[in-house]
file protein-v8.cif (mmCIF, C-alpha atoms and all ligand atoms)
data_coords
#
loop_
_atom_site.group_PDB
_atom_site.id
_atom_site.type_symbol
_atom_site.label_atom_id
_atom_site.label_comp_id
_atom_site.auth_asym_id
_atom_site.auth_seq_id
_atom_site.Cartn_x
_atom_site.Cartn_y
_atom_site.Cartn_z
ATOM 1 C CA MET A 1 156.639 103.900 132.722
ATOM 2 C CA GLU A 2 156.270 100.195 133.546
ATOM 3 C CA LEU A 3 159.668 100.060 135.247
ATOM 4 C CA PRO A 4 160.417 98.080 138.425
ATOM 5 C CA PRO A 5 159.956 100.709 141.194
ATOM 6 C CA GLU A 6 162.907 99.560 143.331
ATOM 7 C CA GLN A 7 165.313 99.602 140.399
ATOM 8 C CA LEU A 8 164.055 103.026 139.377
ATOM 9 C CA GLN A 9 164.549 104.338 142.929
ATOM 10 C CA GLN A 10 168.119 102.968 142.965
ATOM 11 C CA THR A 11 168.890 104.590 139.628
ATOM 12 C CA ILE A 12 167.512 107.952 140.787
ATOM 13 C CA ASP A 13 169.440 107.755 144.077
ATOM 14 C CA ARG A 14 172.662 107.021 142.185
ATOM 15 C CA PHE A 15 171.986 109.843 139.710
ATOM 16 C CA ASN A 16 171.215 112.289 142.526
ATOM 17 C CA GLY A 17 174.528 111.368 144.175
ATOM 18 C CA PHE A 18 176.341 112.316 140.958
ATOM 19 C CA ALA A 19 174.392 115.589 140.806
ATOM 20 C CA ARG A 20 175.269 116.466 144.395
ATOM 21 C CA ASN A 21 178.959 115.534 144.021
ATOM 22 C CA GLY A 22 179.212 117.123 140.594
ATOM 23 C CA ILE A 23 180.814 114.029 139.044
ATOM 24 C CA ASP A 24 178.926 111.756 136.653
ATOM 25 C CA GLU A 25 180.643 108.399 137.104
ATOM 26 C CA ASP A 26 178.387 106.678 134.556
ATOM 27 C CA PHE A 27 178.315 108.953 131.511
ATOM 28 C CA HIS A 28 180.788 111.759 132.350
ATOM 29 C CA ARG A 29 178.306 114.495 131.550
ATOM 30 C CA GLY A 30 179.612 117.943 132.333
ATOM 31 C CA GLU A 31 183.264 117.083 131.794
ATOM 32 C CA SER A 32 183.800 118.740 128.422
ATOM 33 C CA ALA A 33 183.650 122.404 127.512
ATOM 34 C CA HIS A 34 180.991 121.488 124.939
ATOM 35 C CA ASP A 35 178.804 119.961 127.697
ATOM 36 C CA ARG A 36 179.235 122.948 129.974
ATOM 37 C CA TYR A 37 178.471 125.453 127.226
ATOM 38 C CA TYR A 38 174.858 124.220 127.159
ATOM 39 C CA GLY A 39 174.609 123.677 130.908
ATOM 40 C CA ASP A 40 173.345 125.549 133.936
ATOM 41 C CA PRO A 41 176.339 127.351 135.487
ATOM 42 C CA THR A 42 174.572 127.645 138.858
ATOM 43 C CA LEU A 43 174.791 123.857 139.420
ATOM 44 C CA LYS A 44 177.761 121.943 140.777
ATOM 45 C CA ASN A 45 177.686 119.913 137.572
ATOM 46 C CA PRO A 46 176.095 122.159 134.912
ATOM 47 C CA ASN A 47 174.497 119.129 133.226
ATOM 48 C CA LEU A 48 172.971 117.408 136.256
ATOM 49 C CA ASP A 49 170.415 118.484 138.830
ATOM 50 C CA VAL A 50 168.826 116.291 141.465
ATOM 51 C CA ILE A 51 165.532 114.587 140.682
ATOM 52 C CA ALA A 52 163.666 115.476 143.852
ATOM 53 C CA GLU A 53 160.611 117.604 143.374
ATOM 54 C CA ALA A 54 157.388 116.212 141.849
ATOM 55 C CA PRO A 55 155.655 116.237 139.411
ATOM 56 C CA PHE A 56 157.853 114.003 137.227
ATOM 57 C CA TYR A 57 157.482 113.200 133.560
ATOM 58 C CA ALA A 58 159.186 110.493 131.550
ATOM 59 C CA MET A 59 159.852 110.020 127.879
ATOM 60 C CA ARG A 60 161.666 107.507 125.750
ATOM 61 C CA VAL A 61 164.878 108.797 124.174
ATOM 62 C CA TYR A 62 166.132 107.365 120.884
ATOM 63 C CA PRO A 63 169.536 108.043 119.365
ATOM 64 C CA GLY A 64 169.564 109.746 115.963
ATOM 65 C CA ASP A 65 172.075 110.997 113.440
ATOM 66 C CA ILE A 66 172.671 114.716 113.296
ATOM 67 C CA GLY A 67 174.587 114.227 110.083
ATOM 68 C CA THR A 68 177.168 112.139 108.320
ATOM 69 C CA LYS A 69 180.477 112.879 106.684
ATOM 70 C CA GLY A 70 180.520 110.485 103.788
ATOM 71 C CA GLY A 71 178.077 108.690 101.570
ATOM 72 C CA VAL A 72 177.546 108.737 97.859
ATOM 73 C CA VAL A 73 178.550 111.803 95.856
ATOM 74 C CA ILE A 74 175.734 113.494 93.922
ATOM 75 C CA ASP A 75 175.635 116.138 91.210
ATOM 76 C CA THR A 76 173.532 119.311 90.982
ATOM 77 C CA LYS A 77 170.512 117.190 89.923
ATOM 78 C CA ALA A 78 170.953 114.909 92.972
ATOM 79 C CA ARG A 79 172.021 112.016 90.720
ATOM 80 C CA ILE A 80 174.481 109.582 92.252
ATOM 81 C CA LEU A 81 177.853 109.723 90.523
ATOM 82 C CA ARG A 82 180.082 106.805 89.638
ATOM 83 C CA THR A 83 183.725 106.878 90.735
ATOM 84 C CA GLY A 84 184.634 108.309 87.319
ATOM 85 C CA GLY A 85 182.122 111.169 87.750
ATOM 86 C CA ALA A 86 179.319 110.020 85.379
ATOM 87 C CA PRO A 87 175.769 109.965 86.836
ATOM 88 C CA ILE A 88 173.945 106.653 87.290
ATOM 89 C CA ALA A 89 170.669 107.055 85.372
ATOM 90 C CA GLY A 90 167.583 107.081 87.577
ATOM 91 C CA VAL A 91 169.404 106.764 90.922
ATOM 92 C CA TYR A 92 169.242 109.750 93.282
ATOM 93 C CA ALA A 93 170.329 110.569 96.816
ATOM 94 C CA ALA A 94 169.734 113.362 99.320
ATOM 95 C CA GLY A 95 170.219 113.910 103.031
ATOM 96 C CA ASN A 96 172.422 111.849 105.296
ATOM 97 C CA CYS A 97 172.981 109.010 102.843
ATOM 98 C CA SER A 98 174.774 111.398 100.467
ATOM 99 C CA ALA A 99 178.070 113.203 100.900
ATOM 100 C CA SER A 100 177.417 116.593 102.476
ATOM 101 C CA VAL A 101 177.537 119.608 100.184
ATOM 102 C CA MET A 102 179.151 121.336 103.172
ATOM 103 C CA GLY A 103 182.228 119.145 102.784
ATOM 104 C CA GLU A 104 183.860 118.387 106.103
ATOM 105 C CA SER A 105 182.412 121.331 108.010
ATOM 106 C CA TYR A 106 179.147 122.054 109.829
ATOM 107 C CA PRO A 107 178.664 125.801 109.428
ATOM 108 C CA GLY A 108 175.553 125.949 111.608
ATOM 109 C CA PRO A 109 171.971 124.824 112.260
ATOM 110 C CA GLY A 110 170.156 123.965 109.046
ATOM 111 C CA ALA A 111 173.283 122.734 107.297
ATOM 112 C CA THR A 112 171.845 119.226 107.090
ATOM 113 C CA LEU A 113 168.071 119.767 106.816
ATOM 114 C CA GLY A 114 168.391 122.572 104.248
ATOM 115 C CA PRO A 115 170.454 120.635 101.680
ATOM 116 C CA GLY A 116 168.503 117.437 102.442
ATOM 117 C CA MET A 117 165.182 119.081 101.598
ATOM 118 C CA THR A 118 166.602 121.009 98.650
ATOM 119 C CA PHE A 119 168.220 118.010 96.972
ATOM 120 C CA GLY A 120 165.188 115.845 97.725
ATOM 121 C CA TYR A 121 163.072 118.420 95.871
ATOM 122 C CA ILE A 122 165.558 118.640 92.992
ATOM 123 C CA ALA A 123 165.706 114.832 92.734
ATOM 124 C CA ALA A 124 161.906 114.520 92.613
ATOM 125 C CA LYS A 125 161.615 117.223 89.929
ATOM 126 C CA HIS A 126 164.368 115.710 87.793
ATOM 127 C CA CYS A 127 162.963 112.214 88.234
ATOM 128 C CA ALA A 128 159.466 113.368 87.189
ATOM 129 C CA GLN A 129 160.863 114.924 83.988
HETATM 130 C C1 LIG A 201 169.068 116.120 118.047
HETATM 131 C C2 LIG A 201 169.213 116.558 116.598
HETATM 132 C C3 LIG A 201 169.153 117.890 116.298
HETATM 133 C C4 LIG A 201 169.273 118.306 114.976
HETATM 134 N N1 LIG A 201 169.198 119.644 114.684
HETATM 135 C C5 LIG A 201 169.294 120.045 113.411
HETATM 136 C C6 LIG A 201 169.172 121.422 113.081
HETATM 137 O O1 LIG A 201 168.971 122.291 113.932
HETATM 138 N N2 LIG A 201 169.296 121.767 111.794
HETATM 139 C C7 LIG A 201 169.537 120.860 110.808
HETATM 140 O O2 LIG A 201 169.644 121.230 109.655
HETATM 141 N N3 LIG A 201 169.641 119.552 111.092
HETATM 142 C C8 LIG A 201 169.512 119.119 112.367
HETATM 143 N N4 LIG A 201 169.627 117.787 112.667
HETATM 144 C C9 LIG A 201 169.974 116.853 111.587
HETATM 145 C C10 LIG A 201 168.782 116.475 110.748
HETATM 146 O O3 LIG A 201 167.666 116.196 111.561
HETATM 147 C C11 LIG A 201 169.183 115.228 109.929
HETATM 148 O O4 LIG A 201 170.379 115.468 109.246
HETATM 149 C C12 LIG A 201 168.075 114.906 108.938
HETATM 150 O O5 LIG A 201 166.874 114.597 109.598
HETATM 151 C C13 LIG A 201 168.482 113.726 108.080
HETATM 152 O O6 LIG A 201 167.441 113.460 107.192
HETATM 153 P P1 LIG A 201 167.498 112.216 106.267
HETATM 154 O O7 LIG A 201 166.182 112.166 105.565
HETATM 155 O O8 LIG A 201 168.744 112.217 105.435
HETATM 156 O O9 LIG A 201 167.660 110.947 107.252
HETATM 157 P P2 LIG A 201 166.662 110.403 108.356
HETATM 158 O O10 LIG A 201 165.758 111.489 108.873
HETATM 159 O O11 LIG A 201 167.515 109.651 109.299
HETATM 160 O O12 LIG A 201 165.735 109.437 107.511
HETATM 161 C C14 LIG A 201 166.154 108.167 107.129
HETATM 162 C C15 LIG A 201 164.923 107.284 107.119
HETATM 163 O O13 LIG A 201 165.243 106.035 106.541
HETATM 164 C C16 LIG A 201 164.648 105.033 107.312
HETATM 165 N N5 LIG A 201 165.409 103.812 107.068
HETATM 166 C C17 LIG A 201 166.627 103.462 107.556
HETATM 167 N N6 LIG A 201 167.004 102.272 107.082
HETATM 168 C C18 LIG A 201 166.008 101.858 106.283
HETATM 169 C C19 LIG A 201 165.814 100.686 105.491
HETATM 170 N N7 LIG A 201 166.719 99.730 105.408
HETATM 171 N N8 LIG A 201 164.678 100.588 104.793
HETATM 172 C C20 LIG A 201 163.746 101.564 104.830
HETATM 173 N N9 LIG A 201 163.870 102.704 105.565
HETATM 174 C C21 LIG A 201 164.996 102.830 106.268
HETATM 175 C C22 LIG A 201 164.705 105.529 108.731
HETATM 176 O O14 LIG A 201 163.763 104.900 109.543
HETATM 177 C C23 LIG A 201 164.401 107.005 108.535
HETATM 178 O O15 LIG A 201 163.015 107.275 108.560
HETATM 179 C C24 LIG A 201 169.472 117.345 113.966
HETATM 180 C C25 LIG A 201 169.513 115.986 114.293
HETATM 181 C C26 LIG A 201 169.389 115.587 115.586
HETATM 182 C C27 LIG A 201 169.434 114.105 115.915
#
call {"tool": "encode", "arguments": {"input": "protein-v8.cif", "output": "structure tokens", "more": "lines below"}}
Ligand SMILES: Cc1cc2nc3c(=O)[nH]c(=O)nc-3n(C[C@H](O)[C@H](O)[C@H](O)COP(=O)(O)OP(=O)(O)OC[C@H]3O[C@@H](n4cnc5c(N)ncnc54)[C@H](O)[C@@H]3O)c2cc1C
result
Amino acid sequence: MELPPEQLQQTIDRFNGFARNGIDEDFHRGESAHDRYYGDPTLKNPNLDVIAEAPFYAMRVYPGDIGTKGGVVIDTKARILRTGGAPIAGVYAAGNCSASVMGESYPGPGATLGPGMTFGYIAAKHCAQ
């Protein structure tokens, strides 16, 4: 991991204290109903368990967008529309950079990848024609 061992030990000790007390003073994990829904109900804090028993594994975590609520409006051919509603010739959008076809809701898993792939496919076909 190439981390300073003493700093890492301090971080783990602090984290384990939160796990034992049930209160995450740093990131407040386990405080919301949404957190607890995905947690382990047998733990004092359903989102935290002590890091104590080897073997340990580490991985880098990057933030990512699950979806956006906004972006350019497209038509059924994935063409970007002007404010007045006319398509801009040769300019397409799909996925998170375009306004969601689901409007302001997220009906369930697949509601971003499905339309993203579909409109990407439609855009490529229309563009090729
Ligand atoms: C944890 C998690 C779980 C998810 N689970 C689901 C799920 O179960 N079902 C589902 O449907 N969706 C799910 N999603 C959402 C889904 O993964 C995204 O909505 C989808 O990947 C967005 O695809 P995209 O191509 O629009 O954008 P991205 O995948 O974000 O692609 C954008 C690309 O553009 C590149 N880029 C950015 N800026 C520039 C630039 N200036 N120049 C060149 N390239 C640039 C980026 O590097 C990136 O590769 C999940 C997302 C996350 C984070």
call {"tool": "resolve_selection", "arguments": {"input": "protein-v8.cif", "expression": "the PyMOL selection byres (((chain A and resi 57-60) around 12) and not hetatm)", "output": "ChimeraX atom specification"}}
result
/A:1-3,8,51,53-56,61-63
call {"tool": "residues_around", "arguments": {"input": "protein-v8.cif", "residues": "region 105-121 of chain A", "least_positions_apart": "4", "cutoff": "10 Å", "atoms": "all atoms listed in the file", "output": "list in words"}}
result
Ile66, Gly67, Thr68, Lys69, Ile74, Asp75, Thr76, Lys77, Ala78, Arg79, Tyr92, Ala93, Ala94, Gly95, Asn96, Cys97, Ser98, Ser100, Val101, Lys125, His126 and Cys127 of chain A
call {"tool": "axis_aligned_box", "arguments": {"input": "protein-v8.cif", "around": "region 42-48 of chain A", "padding_each_side": "5 Å", "output": "JSON"}}
result
{"center_x": 175.4, "center_y": 122.5, "center_z": 137.0, "size_x": 14.8, "size_y": 20.2, "size_z": 17.6}
call {"tool": "closest_residue", "arguments": {"input": "protein-v8.cif", "among": "A:Ile88, A:Gly64, A:Arg14, A:Ile80", "to": "Leu48 (chain A)", "atoms": "all atoms listed in the file"}}
result
A:Arg14
call {"tool": "closest_residue", "arguments": {"input": "protein-v8.cif", "among": "A:Asp40, A:Gly103, A:Asn45, A:Glu6", "to": "Glu25 (chain A)", "atoms": "all atoms listed in the file"}}
result
A:Asn45
call {"tool": "atom_distance", "arguments": {"input": "protein-v8.cif", "atom1": "atom O6 of ligand LIG 201 (chain A)", "atom2": "CA of Gln129 (chain A)"}}
result
24.2 Å
call {"tool": "residues_near_point", "arguments": {"input": "protein-v8.cif", "point": "(177.7, 124.2, 140.8)", "cutoff": "12 Å", "atoms": "only C-alpha atoms", "output": "PDB file with C-alpha atoms, in the coordinates of the input"}}
result
ATOM      1  CA  PHE A  18     176.341 112.316 140.958  1.00  0.00           C
ATOM      2  CA  ALA A  19     174.392 115.589 140.806  1.00  0.00           C
ATOM      3  CA  ARG A  20     175.269 116.466 144.395  1.00  0.00           C
ATOM      4  CA  ASN A  21     178.959 115.534 144.021  1.00  0.00           C
ATOM      5  CA  GLY A  22     179.212 117.123 140.594  1.00  0.00           C
ATOM      6  CA  ILE A  23     180.814 114.029 139.044  1.00  0.00           C
ATOM      7  CA  GLY A  30     179.612 117.943 132.333  1.00  0.00           C
ATOM      8  CA  ARG A  36     179.235 122.948 129.974  1.00  0.00           C
ATOM      9  CA  GLY A  39     174.609 123.677 130.908  1.00  0.00           C
ATOM     10  CA  ASP A  40     173.345 125.549 133.936  1.00  0.00           C
ATOM     11  CA  PRO A  41     176.339 127.351 135.487  1.00  0.00           C
ATOM     12  CA  THR A  42     174.572 127.645 138.858  1.00  0.00           C
ATOM     13  CA  LEU A  43     174.791 123.857 139.420  1.00  0.00           C
ATOM     14  CA  LYS A  44     177.761 121.943 140.777  1.00  0.00           C
ATOM     15  CA  ASN A  45     177.686 119.913 137.572  1.00  0.00           C
ATOM     16  CA  PRO A  46     176.095 122.159 134.912  1.00  0.00           C
ATOM     17  CA  ASN A  47     174.497 119.129 133.226  1.00  0.00           C
ATOM     18  CA  LEU A  48     172.971 117.408 136.256  1.00  0.00           C
ATOM     19  CA  ASP A  49     170.415 118.484 138.830  1.00  0.00           C
ATOM     20  CA  VAL A  50     168.826 116.291 141.465  1.00  0.00           C
TER      21      VAL A  50
END
call {"tool": "atom_distance", "arguments": {"input": "protein-v8.cif", "atom1": "CA of Tyr37 (chain A)", "atom2": "CA of Glu104 (chain A)"}}
result
22.9 Å
call {"tool": "atom_distance", "arguments": {"input": "protein-v8.cif", "atom1": "atom C13 of ligand LIG 201 (chain A)", "atom2": "CA of Ile122 (chain A)"}}
result
16.1 Å
call {"tool": "build_atoms", "arguments": {"input": "protein-v8.cif", "residues": "region 87-122 of chain A", "atoms": "N, CA and C atoms", "output": "PDB file, in the coordinates of the input"}}
result
ATOM      1  N   PRO A  87     176.947 110.298  86.019  1.00  0.00           N
ATOM      2  CA  PRO A  87     175.769 109.965  86.836  1.00  0.00           C
ATOM      3  C   PRO A  87     175.196 108.591  86.493  1.00  0.00           C
ATOM      4  N   ILE A  88     174.638 107.925  87.506  1.00  0.00           N
ATOM      5  CA  ILE A  88     173.945 106.653  87.290  1.00  0.00           C
ATOM      6  C   ILE A  88     172.489 107.015  86.994  1.00  0.00           C
ATOM      7  N   ALA A  89     172.019 106.657  85.807  1.00  0.00           N
ATOM      8  CA  ALA A  89     170.669 107.055  85.372  1.00  0.00           C
ATOM      9  C   ALA A  89     169.598 106.539  86.328  1.00  0.00           C
ATOM     10  N   GLY A  90     168.738 107.466  86.776  1.00  0.00           N
ATOM     11  CA  GLY A  90     167.583 107.081  87.577  1.00  0.00           C
ATOM     12  C   GLY A  90     167.867 106.784  89.047  1.00  0.00           C
ATOM     13  N   VAL A  91     169.095 107.027  89.506  1.00  0.00           N
ATOM     14  CA  VAL A  91     169.404 106.764  90.922  1.00  0.00           C
ATOM     15  C   VAL A  91     169.814 108.077  91.588  1.00  0.00           C
ATOM     16  N   TYR A  92     169.044 108.457  92.624  1.00  0.00           N
ATOM     17  CA  TYR A  92     169.242 109.750  93.282  1.00  0.00           C
ATOM     18  C   TYR A  92     169.543 109.562  94.768  1.00  0.00           C
ATOM     19  N   ALA A  93     170.107 110.596  95.358  1.00  0.00           N
ATOM     20  CA  ALA A  93     170.329 110.569  96.816  1.00  0.00           C
ATOM     21  C   ALA A  93     170.212 111.985  97.362  1.00  0.00           C
ATOM     22  N   ALA A  94     169.794 112.070  98.616  1.00  0.00           N
ATOM     23  CA  ALA A  94     169.734 113.362  99.320  1.00  0.00           C
ATOM     24  C   ALA A  94     169.798 113.088 100.803  1.00  0.00           C
ATOM     25  N   GLY A  95     170.183 114.075 101.575  1.00  0.00           N
ATOM     26  CA  GLY A  95     170.219 113.910 103.031  1.00  0.00           C
ATOM     27  C   GLY A  95     171.446 113.139 103.503  1.00  0.00           C
ATOM     28  N   ASN A  96     171.277 112.460 104.628  1.00  0.00           N
ATOM     29  CA  ASN A  96     172.422 111.849 105.296  1.00  0.00           C
ATOM     30  C   ASN A  96     173.060 110.686 104.540  1.00  0.00           C
ATOM     31  N   CYS A  97     172.371 110.126 103.586  1.00  0.00           N
ATOM     32  CA  CYS A  97     172.981 109.010 102.843  1.00  0.00           C
ATOM     33  C   CYS A  97     173.893 109.523 101.732  1.00  0.00           C
ATOM     34  N   SER A  98     173.911 110.841 101.508  1.00  0.00           N
ATOM     35  CA  SER A  98     174.774 111.398 100.467  1.00  0.00           C
ATOM     36  C   SER A  98     175.883 112.223 101.122  1.00  0.00           C
ATOM     37  N   ALA A  99     176.969 112.383 100.381  1.00  0.00           N
ATOM     38  CA  ALA A  99     178.070 113.203 100.900  1.00  0.00           C
ATOM     39  C   ALA A  99     177.579 114.641 101.072  1.00  0.00           C
ATOM     40  N   SER A 100     177.929 115.257 102.181  1.00  0.00           N
ATOM     41  CA  SER A 100     177.417 116.593 102.476  1.00  0.00           C
ATOM     42  C   SER A 100     177.963 117.630 101.498  1.00  0.00           C
ATOM     43  N   VAL A 101     177.070 118.515 101.041  1.00  0.00           N
ATOM     44  CA  VAL A 101     177.537 119.608 100.184  1.00  0.00           C
ATOM     45  C   VAL A 101     178.384 120.599 100.986  1.00  0.00           C
ATOM     46  N   MET A 102     178.345 120.457 102.313  1.00  0.00           N
ATOM     47  CA  MET A 102     179.151 121.336 103.172  1.00  0.00           C
ATOM     48  C   MET A 102     180.577 120.801 103.338  1.00  0.00           C
ATOM     49  N   GLY A 103     180.885 119.712 102.647  1.00  0.00           N
ATOM     50  CA  GLY A 103     182.228 119.145 102.784  1.00  0.00           C
ATOM     51  C   GLY A 103     182.437 118.614 104.183  1.00  0.00           C
ATOM     52  N   GLU A 104     183.546 118.934 104.785  1.00  0.00           N
ATOM     53  CA  GLU A 104     183.860 118.387 106.103  1.00  0.00           C
ATOM     54  C   GLU A 104     183.515 119.338 107.241  1.00  0.00           C
ATOM     55  N   SER A 105     182.738 120.376 106.954  1.00  0.00           N
ATOM     56  CA  SER A 105     182.412 121.331 108.010  1.00  0.00           C
ATOM     57  C   SER A 105     180.914 121.302 108.321  1.00  0.00           C
ATOM     58  N   TYR A 106     180.554 121.869 109.463  1.00  0.00           N
ATOM     59  CA  TYR A 106     179.147 122.054 109.829  1.00  0.00           C
ATOM     60  C   TYR A 106     178.996 123.524 110.193  1.00  0.00           C
ATOM     61  N   PRO A 107     178.655 124.357 109.189  1.00  0.00           N
ATOM     62  CA  PRO A 107     178.664 125.801 109.428  1.00  0.00           C
ATOM     63  C   PRO A 107     177.622 126.285 110.426  1.00  0.00           C
ATOM     64  N   GLY A 108     176.537 125.512 110.636  1.00  0.00           N
ATOM     65  CA  GLY A 108     175.553 125.949 111.608  1.00  0.00           C
ATOM     66  C   GLY A 108     174.243 125.228 111.424  1.00  0.00           C
ATOM     67  N   PRO A 109     173.271 125.496 112.347  1.00  0.00           N
ATOM     68  CA  PRO A 109     171.971 124.824 112.260  1.00  0.00           C
ATOM     69  C   PRO A 109     171.330 125.008 110.887  1.00  0.00           C
ATOM     70  N   GLY A 110     170.766 123.930 110.368  1.00  0.00           N
ATOM     71  CA  GLY A 110     170.156 123.965 109.046  1.00  0.00           C
ATOM     72  C   GLY A 110     171.051 123.409 107.960  1.00  0.00           C
ATOM     73  N   ALA A 111     172.323 123.176 108.309  1.00  0.00           N
ATOM     74  CA  ALA A 111     173.283 122.734 107.297  1.00  0.00           C
ATOM     75  C   ALA A 111     173.046 121.296 106.845  1.00  0.00           C
ATOM     76  N   THR A 112     172.206 120.563 107.564  1.00  0.00           N
ATOM     77  CA  THR A 112     171.845 119.226 107.090  1.00  0.00           C
ATOM     78  C   THR A 112     170.417 119.199 106.547  1.00  0.00           C
ATOM     79  N   LEU A 113     169.471 119.794 107.265  1.00  0.00           N
ATOM     80  CA  LEU A 113     168.071 119.767 106.816  1.00  0.00           C
ATOM     81  C   LEU A 113     167.877 120.561 105.524  1.00  0.00           C
ATOM     82  N   GLY A 114     168.536 121.712 105.432  1.00  0.00           N
ATOM     83  CA  GLY A 114     168.391 122.572 104.248  1.00  0.00           C
ATOM     84  C   GLY A 114     168.782 121.842 102.970  1.00  0.00           C
ATOM     85  N   PRO A 115     170.044 121.372 102.889  1.00  0.00           N
ATOM     86  CA  PRO A 115     170.454 120.635 101.680  1.00  0.00           C
ATOM     87  C   PRO A 115     169.650 119.352 101.478  1.00  0.00           C
ATOM     88  N   GLY A 116     169.283 118.675 102.572  1.00  0.00           N
ATOM     89  CA  GLY A 116     168.503 117.437 102.442  1.00  0.00           C
ATOM     90  C   GLY A 116     167.177 117.697 101.756  1.00  0.00           C
ATOM     91  N   MET A 117     166.477 118.735 102.204  1.00  0.00           N
ATOM     92  CA  MET A 117     165.182 119.081 101.598  1.00  0.00           C
ATOM     93  C   MET A 117     165.364 119.570 100.164  1.00  0.00           C
ATOM     94  N   THR A 118     166.378 120.415  99.974  1.00  0.00           N
ATOM     95  CA  THR A 118     166.602 121.009  98.650  1.00  0.00           C
ATOM     96  C   THR A 118     166.909 119.933  97.605  1.00  0.00           C
ATOM     97  N   PHE A 119     167.844 119.037  97.953  1.00  0.00           N
ATOM     98  CA  PHE A 119     168.220 118.010  96.972  1.00  0.00           C
ATOM     99  C   PHE A 119     167.138 116.946  96.834  1.00  0.00           C
ATOM    100  N   GLY A 120     166.342 116.731  97.865  1.00  0.00           N
ATOM    101  CA  GLY A 120     165.188 115.845  97.725  1.00  0.00           C
ATOM    102  C   GLY A 120     164.200 116.409  96.711  1.00  0.00           C
ATOM    103  N   TYR A 121     163.973 117.719  96.802  1.00  0.00           N
ATOM    104  CA  TYR A 121     163.072 118.420  95.871  1.00  0.00           C
ATOM    105  C   TYR A 121     163.615 118.369  94.449  1.00  0.00           C
ATOM    106  N   ILE A 122     164.917 118.654  94.323  1.00  0.00           N
ATOM    107  CA  ILE A 122     165.558 118.640  92.992  1.00  0.00           C
ATOM    108  C   ILE A 122     165.470 117.238  92.387  1.00  0.00           C
TER     109      ILE A 122
END
